[in-house]
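The structure appears below as structure tokens.
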Amino acid sequence: MESNDLSKKYYRIREVSDLIGVAASTLRYWEQEFPKLSPTRNAKGTRYYTPTDIEVLRQIKYLLHDKGLKIDAAKEQMRVATDTVATRTRAIERLQAVRAQLVSLKDSLTKIR
């Protein structure tokens, strides 16, 4: 799901965990490590992530999981090349969506035979 598909104003940590594909504990840790990430909290302390926060999380996941950077290197990338990271993250998400569609189409064609 791309950031354009996010229809709600706020998302709870469990929803974001499912969207991003990482554990809620990982999201809480990243919140401590990356100053750019700061979800809103209510009086009880419940985190509410905006679509912008989710985009930042996708960038962090791209840097740490896809590129294999360490936390410090990812922080530096977020600091100096945010636009580049955001563009690459969106491109990868689009390519993954296209790949999923192609695989689905291939499976459908295989079933027809």
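Chain labels follow the order of the structure tokens: the first chain is A, the next B, and so on; residue numbering restarts at 1 in every chain, and ligands are counted from 1 in their shown order.
DSSP secondary structure from the backbone places Tyr11, Arg12, Thr40, Arg41, Arg47, Tyr48 and Tyr49 of chain A of chain A in strand (DSSP E).
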What would the file look like if the residues just selected were written as a PDB file, in the first residue's frame with C-alpha atoms?
ATOM      1  CA  TYR A  11      -3.276   4.948  12.544  1.00  0.00           C
ATOM      2  CA  ARG A  12      -2.592   2.949  15.705  1.00  0.00           C
ATOM      3  CA  THR A  40       1.118  11.968  18.250  1.00  0.00           C
ATOM      4  CA  ARG A  41       0.123  10.591  21.643  1.00  0.00           C
ATOM      5  CA  ARG A  47       0.600   6.428  19.660  1.00  0.00           C
ATOM      6  CA  TYR A  48      -1.200   7.746  16.587  1.00  0.00           C
ATOM      7  CA  TYR A  49       0.756   7.740  13.341  1.00  0.00           C
TER       8      TYR A  49
END
- Task: Please provide as a VMD selection string all residues within 10 Å of Lys75 in chain A, with the sequence filter that same-chain residues fewer than 5 positions apart are discarded (counting only C-alpha atoms).
- Result: chain A and resid 33 to 36 60 63 to 64 69 to 70 80 to 82
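For the set A:Glu55, A:Lys61, A:Gly45, A:Tyr10, the residue with the smallest atom-to-atom gap to Ala23 in chain A is A:Lys61, counting only C-alpha atoms.
The residue that comes closest to Ile92 in chain A, out of A:Lys8, A:Lys67, A:Arg14, A:Lys44 and on the basis of only C-alpha atoms, is A:Lys67.
Once Leu27 in chain A and its same-chain neighbours fewer than 5 positions away are set aside, Ile13, Ser17, Val22 and Leu57 of chain A remain within 8 Å of it when counting only C-alpha atoms.
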- Item | Picked from chain A by DSSP as alpha helix (DSSP H), as number ranges by chain | A: 13-20, 24-33, 51-61, 71-80, 82-112
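Of the listed residues (A:Val103, A:Thr26, A:Tyr62, A:Gly21), A:Tyr62 comes nearest to Arg88 in chain A; the distances count only C-alpha atoms.
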- Item | Counting only C-alpha atoms, the residue of A:Ile54, A:Leu109, A:Leu37, A:Ala97 that sits nearest Glu15 in chain A | A:Ile54
